[in-house]
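Source file structure-v7.cif; content: mmCIF, C-alpha atoms.
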```cif
data_work
loop_
_atom_site.label_atom_id
_atom_site.label_comp_id
_atom_site.auth_asym_id
_atom_site.auth_seq_id
_atom_site.Cartn_x
_atom_site.Cartn_y
_atom_site.Cartn_z
CA MET L 8 -116.54 -70.16 95.57
CA ASP L 9 -116.25 -70.48 99.31
CA ILE L 10 -115.65 -67.68 101.76
CA ILE L 11 -111.86 -68.10 101.78
CA GLU L 12 -111.68 -67.81 98.01
CA LEU L 13 -113.81 -64.66 98.19
CA ILE L 14 -111.47 -63.15 100.80
CA VAL L 15 -108.35 -64.08 98.83
CA SER L 16 -109.74 -62.73 95.55
CA GLY L 17 -110.80 -59.56 97.36
CA LEU L 18 -107.33 -59.10 98.82
CA ILE L 19 -105.70 -59.73 95.45
CA GLY L 20 -108.06 -57.22 93.85
CA ALA L 21 -107.29 -54.65 96.53
CA VAL L 22 -103.53 -55.16 96.14
CA LEU L 23 -103.76 -54.96 92.36
CA GLY L 24 -105.92 -51.84 92.65
CA TYR L 25 -103.44 -50.25 95.04
CA VAL L 26 -100.49 -51.12 92.81
CA PHE L 27 -102.35 -49.82 89.75
CA ASN L 28 -103.25 -46.53 91.47
CA GLU L 29 -99.67 -46.11 92.72
CA PHE L 30 -98.38 -46.77 89.20
CA VAL L 31 -100.82 -44.23 87.72
CA ASP L 32 -99.77 -41.65 90.36
CA TYR L 33 -96.12 -42.36 89.54
CA LEU L 34 -96.75 -41.89 85.81
CA ARG L 35 -98.70 -38.70 86.53
CA LYS L 36 -95.88 -37.30 88.67
CA LYS L 37 -93.23 -38.23 86.11
CA HIS L 38 -95.32 -36.62 83.39
CA GLN L 39 -95.69 -33.44 85.46
CA GLU L 40 -91.95 -33.42 86.14
CA LEU L 41 -91.27 -33.71 82.40
CA VAL L 42 -93.77 -30.93 81.64
CA THR L 43 -92.27 -28.67 84.30
CA SER L 44 -88.76 -29.43 83.10
CA GLN L 45 -89.75 -28.59 79.54
CA ASN L 46 -91.47 -25.40 80.71
CA ASN L 47 -88.27 -24.44 82.54
CA ARG L 48 -86.25 -25.01 79.38
CA ASN L 49 -88.75 -22.96 77.39
CA LEU L 50 -88.50 -20.17 79.95
CA LEU L 51 -84.70 -20.14 79.92
CA GLU L 52 -84.67 -20.08 76.13
CA GLU L 53 -87.17 -17.21 76.04
CA LEU L 54 -85.28 -15.20 78.65
CA SER L 55 -81.94 -15.87 76.98
CA ASN L 56 -83.13 -15.01 73.48
CA LYS L 57 -85.04 -11.91 74.56
CA ASP L 58 -83.40 -8.70 73.36
CA TYR L 59 -82.73 -6.67 76.48
CA SER L 60 -80.38 -4.46 74.51
CA LEU L 61 -79.81 -0.81 75.23
CA ASN L 62 -81.98 -0.03 72.22
CA GLU L 63 -84.98 -1.30 74.17
CA ASN L 64 -84.87 -0.03 77.73
CA GLY L 65 -81.33 -0.14 79.10
CA ILE L 66 -81.97 -3.15 81.38
CA ILE L 67 -79.24 -5.77 81.11
CA PRO L 68 -79.90 -9.32 82.40
CA LEU L 69 -77.14 -10.80 84.55
CA ALA L 70 -78.60 -14.15 85.66
CA HIS L 71 -81.97 -15.91 85.74
CA GLY L 72 -83.64 -18.27 88.17
CA THR L 73 -85.41 -21.00 86.21
CA PRO L 74 -88.02 -20.50 87.36
CA PHE L 75 -86.73 -19.20 90.73
CA TYR L 76 -83.77 -19.13 93.06
CA PHE L 77 -84.57 -21.31 96.06
CA ASP L 78 -83.13 -21.44 99.58
CA GLY L 79 -79.35 -21.48 99.47
CA ASP L 80 -79.15 -20.70 95.75
CA ILE L 81 -78.18 -17.09 96.47
CA GLN L 82 -75.33 -16.58 98.90
CA GLY L 83 -74.58 -13.10 100.20
CA TYR L 84 -71.40 -12.09 102.00
CA ILE L 85 -70.52 -8.86 103.78
CA THR L 86 -66.86 -8.00 103.27
CA ASP L 87 -64.86 -5.78 105.60
CA LYS L 88 -64.76 -3.04 102.96
CA ARG L 89 -66.21 0.38 103.77
CA PHE L 90 -66.40 3.17 101.25
CA TYR L 91 -67.78 6.69 101.73
CA PHE L 92 -67.59 9.88 99.79
CA PRO L 93 -67.41 12.63 102.41
CA ILE L 94 -70.14 15.27 102.56
CA PRO L 95 -68.61 18.67 101.69
CA GLN L 96 -67.52 20.31 104.91
CA THR L 97 -68.10 23.93 103.85
CA GLU L 98 -70.06 25.76 106.54
CA PRO L 99 -73.17 26.69 104.50
CA ILE L 100 -73.65 23.09 103.37
CA ILE L 101 -72.81 21.26 106.58
CA ASP L 102 -74.80 23.71 108.73
CA LYS L 103 -77.96 23.36 106.64
CA LEU L 104 -77.74 19.58 106.36
CA THR L 105 -77.09 19.32 110.10
CA THR L 106 -80.10 21.57 110.81
CA TYR L 107 -82.32 19.15 108.91
CA GLY L 108 -80.70 16.09 110.54
CA PHE L 109 -79.38 14.74 107.26
CA VAL L 110 -75.86 14.13 108.56
CA GLN L 111 -76.93 12.84 111.96
CA ASP L 112 -75.92 9.29 111.16
CA SER L 113 -72.44 10.37 110.17
CA ARG L 114 -72.05 11.97 113.59
CA HIS L 115 -73.13 8.93 115.65
CA ASN L 116 -72.71 5.80 113.53
CA PRO L 117 -69.10 4.54 113.62
CA ASP L 118 -69.51 3.17 110.10
CA PHE L 119 -69.90 6.74 108.87
CA LYS L 120 -66.65 8.18 110.27
CA TYR L 121 -64.67 9.45 107.31
CA THR L 122 -61.23 8.17 108.28
CA ASP L 123 -58.40 7.68 105.81
CA ASP L 124 -59.37 4.02 105.60
CA VAL L 125 -62.83 4.75 104.20
CA ASN L 126 -62.58 8.29 102.76
CA CYS L 127 -62.13 7.81 99.04
CA LEU L 128 -60.54 11.25 98.63
CA SER L 129 -57.69 10.29 100.94
CA ASP L 130 -54.34 9.50 99.33
CA ASN L 131 -54.09 6.59 101.74
CA PHE L 132 -57.35 5.01 100.63
CA TRP L 133 -56.80 1.28 100.05
CA GLY L 134 -58.88 1.05 96.87
CA LYS L 135 -56.83 3.11 94.40
CA GLU L 136 -56.06 0.22 92.06
CA VAL L 137 -59.74 -0.72 91.99
CA PHE L 138 -60.67 2.84 91.10
CA ASP L 139 -58.31 2.82 88.13
CA HIS L 140 -59.99 -0.39 87.01
CA GLY L 141 -63.53 0.94 87.40
CA PHE L 142 -62.98 4.36 85.89
CA GLY L 143 -61.51 2.74 82.81
CA PHE L 144 -65.07 2.34 81.53
CA PHE L 145 -65.28 6.11 81.15
CA GLY L 146 -62.62 6.66 78.53
CA ASN L 147 -59.31 8.05 79.75
CA ASN L 148 -60.52 8.80 83.28
CA THR L 149 -58.58 7.15 86.06
CA TRP L 150 -58.42 7.75 89.79
CA ASP L 151 -56.31 10.89 89.45
CA SER L 152 -56.43 14.46 90.73
CA GLU L 153 -58.69 15.56 87.86
CA THR L 154 -61.22 12.82 88.61
CA LYS L 155 -61.17 13.63 92.32
CA LYS L 156 -61.80 17.29 91.56
CA GLU L 157 -64.76 16.45 89.33
CA LEU L 158 -66.21 14.21 92.04
CA GLU L 159 -65.86 16.98 94.60
CA ILE L 160 -67.86 19.28 92.31
CA VAL L 161 -70.50 16.56 91.85
CA ALA L 162 -70.65 16.05 95.64
CA GLU L 163 -71.28 19.74 96.22
CA ASP L 164 -74.05 19.70 93.62
CA VAL L 165 -75.62 16.60 95.24
CA ALA L 166 -75.43 18.20 98.70
CA ASN L 167 -77.22 21.29 97.38
CA GLN L 168 -79.88 19.04 95.83
CA PHE L 169 -80.48 17.52 99.26
CA ILE L 170 -80.73 20.98 100.81
CA SER L 171 -83.25 22.06 98.17
CA ASP L 172 -85.31 18.89 98.71
CA LEU L 173 -85.25 19.30 102.50
CA GLU L 174 -86.21 22.96 102.30
CA SER L 175 -89.20 22.05 100.11
CA GLY L 176 -90.43 19.57 102.73
CA LYS L 177 -89.22 16.31 101.16
CA VAL L 178 -87.81 13.59 103.39
CA ARG L 179 -84.13 12.86 102.82
CA PHE L 180 -81.75 11.02 105.14
CA ASN L 181 -78.30 9.55 104.81
CA GLY L 182 -79.06 5.88 105.39
CA ALA L 183 -76.49 3.09 105.60
CA MET L 184 -76.53 0.92 102.48
CA PHE L 185 -74.81 -2.04 100.86
CA GLY L 186 -72.88 -1.66 97.64
CA VAL L 187 -71.84 -4.55 95.39
CA SER L 188 -68.17 -5.48 95.47
CA SER L 189 -68.45 -8.44 93.09
CA PHE L 190 -71.06 -10.79 91.62
CA ASN L 191 -70.56 -14.41 90.66
CA PRO L 192 -73.40 -16.34 88.98
CA ASN L 193 -72.60 -19.95 88.23
CA ARG L 194 -73.93 -19.53 84.72
CA SER L 195 -75.87 -17.28 82.40
CA LEU L 196 -77.00 -20.17 80.19
CA GLY L 197 -77.15 -23.90 80.65
CA GLU L 198 -79.18 -26.63 82.25
CA GLU L 199 -77.66 -26.77 85.73
CA LEU L 200 -79.44 -25.23 88.67
CA PRO L 201 -78.70 -21.50 88.93
CA THR L 202 -76.83 -20.18 91.94
CA ALA L 203 -75.22 -16.83 92.67
CA GLN L 204 -72.73 -15.29 95.06
CA ILE L 205 -72.81 -11.58 95.93
CA PHE L 206 -70.14 -9.76 97.93
CA PHE L 207 -71.16 -6.49 99.57
CA TYR L 208 -69.41 -3.52 101.13
CA LYS L 209 -70.84 -0.81 103.40
CA THR L 210 -71.59 2.64 102.08
CA ASP L 211 -74.22 5.36 102.46
CA TYR L 212 -76.92 7.13 100.48
CA PHE L 213 -74.84 10.24 99.89
CA THR L 214 -72.07 8.17 98.27
CA TYR L 215 -74.65 6.45 96.08
CA ARG L 216 -75.99 9.78 94.84
CA VAL L 217 -72.49 11.13 94.10
CA PHE L 218 -71.36 8.15 92.05
CA SER L 219 -74.74 7.78 90.39
CA GLN L 220 -74.53 11.39 89.24
CA TYR L 221 -70.94 10.94 88.04
CA TYR L 222 -72.03 7.86 86.09
CA LEU L 223 -74.90 9.76 84.45
CA ASN L 224 -72.50 12.55 83.47
CA HIS L 225 -70.33 10.00 81.63
CA ARG L 226 -72.97 7.46 80.64
CA THR L 227 -72.61 7.92 76.88
CA VAL L 228 -68.93 6.95 77.07
CA PHE L 229 -69.78 3.89 79.14
CA LEU L 230 -72.56 2.78 76.78
CA SER L 231 -70.33 3.11 73.74
CA LYS L 232 -68.64 -0.10 74.89
CA GLU L 233 -69.95 -3.64 74.52
CA ILE L 234 -72.23 -4.25 77.48
CA VAL L 235 -72.12 -7.84 78.72
CA PRO L 236 -72.91 -9.37 82.13
CA GLU L 237 -69.21 -9.93 82.85
CA MET L 238 -68.61 -6.16 82.93
CA ILE L 239 -70.38 -5.90 86.31
CA ASN L 240 -67.29 -6.99 88.22
CA HIS L 241 -65.20 -4.43 86.36
CA LEU L 242 -67.64 -1.67 87.25
CA ALA L 243 -69.03 -2.82 90.58
CA PHE L 244 -66.70 -1.04 92.95
CA PRO L 245 -67.01 1.94 93.35
CA PHE L 246 -70.05 2.54 91.13
CA LEU L 247 -72.53 -0.08 92.32
CA THR L 248 -73.16 1.70 95.61
CA SER L 249 -76.78 0.53 95.70
CA PHE L 250 -78.39 -2.90 95.50
CA GLY L 251 -82.17 -3.00 95.18
CA ILE L 252 -84.78 -5.71 95.72
CA SER L 253 -87.90 -5.26 93.61
CA VAL L 254 -90.96 -7.44 94.21
CA ILE L 255 -94.15 -8.11 92.27
CA ALA L 256 -96.98 -9.16 94.59
CA VAL L 257 -100.24 -10.94 93.79
CA ILE L 258 -103.30 -11.09 96.07
CA SER L 259 -105.15 -14.40 96.04
CA ARG L 260 -107.88 -16.19 97.97
CA ASN L 261 -106.41 -19.58 97.09
CA HIS L 262 -103.90 -21.52 99.16
CA GLU L 263 -100.42 -20.05 99.06
CA GLU L 264 -99.00 -23.17 97.36
CA GLU L 265 -101.65 -23.25 94.60
CA LYS L 266 -100.87 -21.83 91.20
CA LEU L 267 -102.23 -18.46 90.21
CA SER L 268 -105.77 -18.26 88.93
CA GLU L 269 -107.30 -15.73 86.53
CA SER L 270 -109.16 -13.99 89.35
CA ASP L 271 -106.01 -13.31 91.39
CA VAL L 272 -104.93 -9.67 91.46
CA LEU L 273 -101.51 -8.22 90.67
CA ILE L 274 -100.59 -5.01 92.56
CA VAL L 275 -98.91 -2.18 90.67
CA GLY L 276 -97.46 0.89 92.36
CA ARG L 277 -97.24 4.37 90.89
CA ARG L 278 -94.05 6.20 91.79
CA SER L 279 -94.44 9.30 93.90
CA GLN L 280 -93.44 12.82 92.84
CA HIS L 281 -91.19 12.85 95.92
CA VAL L 282 -88.73 10.25 94.64
CA VAL L 283 -85.52 11.05 92.77
CA VAL L 284 -85.97 8.62 89.85
CA ASP L 285 -88.95 7.26 87.88
CA ARG L 286 -91.31 9.96 89.15
CA GLY L 287 -94.95 9.26 88.34
CA LEU L 288 -94.26 5.99 86.51
CA LEU L 289 -95.93 2.63 87.09
CA HIS L 290 -93.61 0.55 89.23
CA PHE L 291 -93.14 -2.55 91.38
CA THR L 292 -95.44 -3.41 94.27
CA MET L 293 -92.45 -2.98 96.57
CA ASN L 294 -88.99 -1.64 95.76
CA GLU L 295 -86.41 -1.39 98.54
CA ALA L 296 -82.71 -0.58 98.71
CA PHE L 297 -80.77 -3.31 100.49
CA SER L 298 -79.86 -1.74 103.82
CA CYS L 299 -77.32 -2.45 106.54
CA ARG L 300 -80.36 -3.16 108.74
CA ASP L 301 -81.18 -6.22 106.61
CA THR L 302 -78.82 -8.57 108.41
CA ILE L 303 -79.14 -11.48 110.82
CA TYR L 304 -76.02 -12.11 112.91
CA ASN L 305 -74.12 -9.95 110.41
CA ASN L 306 -75.28 -12.10 107.49
CA PRO L 307 -77.25 -10.37 104.72
CA SER L 308 -80.91 -11.40 104.53
CA PHE L 309 -82.89 -10.70 101.37
CA ASP L 310 -86.05 -12.03 103.02
CA LEU L 311 -85.63 -9.51 105.85
CA CYS L 312 -85.30 -6.72 103.30
CA VAL L 313 -88.52 -7.85 101.61
CA SER L 314 -90.42 -7.96 104.92
CA ARG L 315 -89.11 -4.53 105.90
CA GLY L 316 -90.07 -3.10 102.52
CA PHE L 317 -93.66 -4.36 102.73
CA ASN L 318 -93.94 -3.02 106.26
CA GLU L 319 -92.48 0.43 105.58
CA GLU L 320 -93.93 1.04 102.12
CA LEU L 321 -97.30 -0.72 102.44
CA LYS L 322 -97.85 -1.46 106.14
CA TRP L 323 -98.49 -5.08 105.24
CA THR L 324 -97.04 -7.59 107.69
CA LYS L 325 -97.48 -11.22 108.67
CA GLU L 326 -99.25 -10.03 111.83
CA ILE L 327 -102.32 -8.82 109.89
CA LYS L 328 -105.22 -11.16 110.58
CA GLY L 329 -106.38 -12.96 107.47
CA LEU L 330 -103.18 -12.28 105.50
CA THR L 331 -100.62 -14.98 104.68
CA PHE L 332 -97.30 -14.19 103.02
CA SER L 333 -95.84 -16.90 100.84
CA LYS L 334 -92.06 -17.10 100.82
CA CYS L 335 -90.62 -14.64 98.33
CA LYS L 336 -89.44 -16.39 95.16
CA PHE L 337 -86.47 -14.56 93.65
CA MET L 338 -86.40 -14.46 89.87
CA ASP L 339 -83.68 -12.49 88.08
CA PHE L 340 -80.61 -10.29 88.53
CA PHE L 341 -80.48 -7.17 86.37
CA PHE L 342 -78.28 -4.16 85.81
CA ASP L 343 -80.11 -0.91 85.08
CA SER L 344 -77.81 1.12 82.85
CA ASN L 345 -80.17 4.09 83.11
CA LYS L 346 -79.18 4.55 86.77
CA CYS L 347 -76.12 2.34 87.29
CA GLU L 348 -77.94 0.09 89.74
CA MET L 349 -77.94 -3.65 90.24
CA GLY L 350 -80.93 -5.49 91.65
CA LEU L 351 -82.68 -8.75 92.38
CA THR L 352 -86.33 -9.26 91.48
CA GLY L 353 -88.88 -11.40 93.27
CA TYR L 354 -92.47 -12.59 93.27
CA ILE L 355 -94.61 -13.04 96.36
CA LYS L 356 -98.16 -14.35 96.79
CA LEU L 357 -100.35 -12.73 99.43
CA THR L 358 -103.24 -15.01 100.41
CA ILE L 359 -106.23 -13.38 102.09
CA ASP L 360 -109.26 -15.04 103.66
CA GLU L 361 -112.88 -13.86 103.91
CA SER L 362 -112.10 -11.63 106.89
CA LEU L 363 -109.83 -9.39 104.80
CA SER L 364 -110.51 -7.38 101.67
CA VAL L 365 -108.37 -5.73 99.02
CA GLN L 366 -109.88 -2.41 100.10
CA LYS L 367 -108.67 -2.96 103.67
CA LEU L 368 -105.14 -3.60 102.40
CA TYR L 369 -105.34 -0.39 100.39
CA GLU L 370 -106.39 1.56 103.49
CA LEU L 371 -103.42 0.11 105.41
CA TYR L 372 -101.10 1.19 102.59
CA LYS L 373 -102.35 4.78 102.90
CA GLU L 374 -101.31 4.74 106.57
CA SER L 375 -97.85 3.32 105.92
CA GLN L 376 -94.66 5.01 107.02
CA ASP L 377 -93.16 5.44 103.55
CA GLY L 378 -96.21 4.95 101.33
CA ILE L 379 -96.66 8.53 100.17
CA LEU L 380 -92.88 8.95 99.91
CA GLU L 381 -92.50 5.98 97.56
CA THR L 382 -95.81 5.77 95.71
CA GLU L 383 -98.88 7.90 95.12
CA GLY L 384 -101.28 5.03 94.76
CA LEU L 385 -101.75 1.37 93.90
CA GLU L 386 -103.49 -0.24 90.94
CA PHE L 387 -105.04 -3.72 91.09
CA VAL L 388 -105.05 -5.79 87.90
CA GLU L 389 -106.64 -9.24 87.53
CA ILE L 390 -104.14 -11.81 86.33
CA ASP L 391 -106.03 -12.63 83.15
CA LYS L 392 -105.83 -8.94 82.18
CA VAL L 393 -102.19 -8.32 83.06
CA PHE L 394 -100.81 -8.96 79.56
CA ALA L 395 -103.25 -6.47 78.02
CA TYR L 396 -102.41 -4.03 80.84
CA TYR L 397 -98.70 -4.44 80.07
CA GLN L 398 -99.23 -3.81 76.35
CA GLU L 399 -101.33 -0.72 76.97
CA ASN L 400 -99.14 0.81 79.68
CA LYS L 401 -95.53 -0.28 79.14
CA ASN L 402 -94.57 3.21 77.97
CA LYS L 403 -95.86 4.52 81.31
CA MET L 404 -93.75 2.04 83.32
CA SER L 405 -90.28 2.40 84.71
CA ALA L 406 -87.79 0.51 82.54
CA GLY L 407 -87.08 -1.95 85.32
CA PHE L 408 -90.73 -2.71 86.05
CA ALA L 409 -91.60 -3.17 82.36
CA THR L 410 -88.78 -5.68 81.97
CA VAL L 411 -89.52 -7.61 85.15
CA LEU L 412 -93.27 -7.70 84.49
CA GLU L 413 -92.54 -9.28 81.12
CA CYS L 414 -90.30 -11.88 82.81
CA PHE L 415 -93.09 -12.52 85.31
CA LEU L 416 -95.59 -13.06 82.47
CA ARG L 417 -93.23 -15.49 80.74
CA ARG L 418 -93.16 -17.61 83.89
CA TYR L 419 -96.95 -17.41 84.18
CA ASN L 420 -97.48 -18.36 80.53
CA ASN L 421 -95.18 -21.36 81.00
CA ASP L 422 -97.37 -22.51 83.93
CA LEU L 423 -94.57 -21.90 86.45
CA LEU L 424 -96.48 -19.57 88.80
#
```
Using structure tokens, write down the structure from this file.
Amino acid sequence: MDIIELIVSGLIGAVLGYVFNEFVDYLRKKHQELVTSQNNRNLLEELSNKDYSLNENGIIPLAHGTPFYFDGDIQGYITDKRFYFPIPQTEPIIDKLTTYGFVQDSRHNPDFKYTDDVNCLSDNFWGKEVFDHGFGFFGNNTWDSETKKELEIVAEDVANQFISDLESGKVRFNGAMFGVSSFNPNRSLGEELPTAQIFFYKTDYFTYRVFSQYYLNHRTVFLSKEIVPEMINHLAFPFLTSFGISVIAVISRNHEEEKLSESDVLIVGRRSQHVVVDRGLLHFTMNEAFSCRDTIYNNPSFDLCVSRGFNEELKWTKEIKGLTFSKCKFMDFFFDSNKCEMGLTGYIKLTIDESLSVQKLYELYKESQDGILETEGLEFVEIDKVFAYYQENKNKMSAGFATVLECFLRRYNNDLL
């Protein structure tokens, strides 16, 4: 064989080797796509067949990302609706709340002016027909004079609760919030990619507490009906005056795009004694009400809410040297019938390098603005021990966290995290 034959045979061998390797890579990728697709189907079947009935924990699934909602899958819209329940204007109440600065926003923020257009006690309020629709879930109650009177009594009770909390040194303020006007998932079951549309209106924390308390007073009547995801749009306005984003975070030393390993650490919060609900229970890493501050050019931003929550509750930001935030992957929409709240859950991976330790992150959390207000400590659980941790502690968890942690584990067990 002369030199030319050697060169030609070498080239042919190289080409064949390249083609073979490309073909093997193609088969490997197709196989992985098939495995991932099957894992997604397994996940959807498990989530759909799981009994989230009221007999278990009162958490009702509305829609699932399989495994996640990606960019553009969730579309949020801010409507021009504003809805506020006015703070009782009796002198003892208004004077005390003003002294503590609770009603400051309502004095300076134009969104808080209780005009006839936004004051739900006004006879001119635009939403009367919607009220009749929503209150239908509570038996014979409609938006009538009797219902208004009961709400006024509830509002006075809520105002006095705020005064008691403020006098005991707890932090309470009347923040601007988003309520849910309507929710439109493209499907609850099926093979197509999940998407969702959410329409919001502006409200405040006082309104949330009033309607939350009214709901709790009539909850047994509401729960006597068949509870299905479609009922959200019948109930949403005026009762869904709060929308929460709850995130499970994992600390890892691996690249942010790598899958979780057994040595990665899941972060669990313990609810503070200062909060109104779920006091002392194990809870999400970060749980934040969707606020009117979480907008970019008047468009709602769930990612902004997540970043703000980590900053305010944990003092963890992208500016910390050695810490990398992966993009938050949103998982599921739920309705919590225990509190009449709707929320979106997410998972985020926090990658740290050798210059940063878990202990340092814990020390930053203790310095955070809202840390002690929201939680009274963090627990760190290695991923390979999370299932055992869940089994041993689920009765010590908030209903929402127990449900979402199980959904998180189902994704992990299906090799989707």
From (-63.2, -9.6, 104.6), in the file's coordinates, out to 10 Å: which residues are reached, counting only C-alpha atoms? Answer as an mmCIF file with C-alpha atoms, in the frame of the given file.
```cif
data_model
loop_
_atom_site.group_PDB
_atom_site.id
_atom_site.type_symbol
_atom_site.label_atom_id
_atom_site.label_comp_id
_atom_site.auth_asym_id
_atom_site.auth_seq_id
_atom_site.Cartn_x
_atom_site.Cartn_y
_atom_site.Cartn_z
ATOM 1 C CA TYR L 84 -71.400 -12.090 102.000
ATOM 2 C CA ILE L 85 -70.520 -8.860 103.780
ATOM 3 C CA THR L 86 -66.860 -8.000 103.270
ATOM 4 C CA ASP L 87 -64.860 -5.780 105.600
ATOM 5 C CA LYS L 88 -64.760 -3.040 102.960
ATOM 6 C CA PHE L 206 -70.140 -9.760 97.930
ATOM 7 C CA PHE L 207 -71.160 -6.490 99.570
ATOM 8 C CA TYR L 208 -69.410 -3.520 101.130
#
```
Given all atoms listed in the file, how would the per-residue table for range 335-384 of chain L near range 187-193 of chain L read, listing every residue at most 10 Å away with its closest atom pair and distance in Å to one decimal, sorted by chain and number, as JSON lines?
```
{"residue": "L:Phe340", "atom": "CA", "partner": "L:Pro192", "partner_atom": "CA", "distance": 9.4}
{"residue": "L:Glu348", "atom": "CA", "partner": "L:Val187", "partner_atom": "CA", "distance": 9.5}
{"residue": "L:Met349", "atom": "CA", "partner": "L:Val187", "partner_atom": "CA", "distance": 8.0}
{"residue": "L:Gly350", "atom": "CA", "partner": "L:Val187", "partner_atom": "CA", "distance": 9.9}
```
Exercise. In file coordinates, which residues lie within 6 Å of (-101.9, -3.7, 91.0) using all atoms listed in the file, given as a ChimeraX atom specification?
Worked result: /L:273-275,385-388
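Picture a line from CA of Glu174 in chain L to CA of Glu159 in chain L; it runs 22.6 Å.
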Exercise. What do you get, as a ChimeraX atom specification, if you spell out every residue that the PyMOL selection byres ((chain L and resi 140-153) around 8) selects here?
Worked result: /L:135-139,154-157,225-226,228-229,232,241-246
For this session: Please write as a PyMOL selection string the full residue list that the PyMOL selection byres ((chain L and resi 413) around 10) yields on this file.
Result: chain L and resi 54+393-394+397-398+401+408-412+414-419
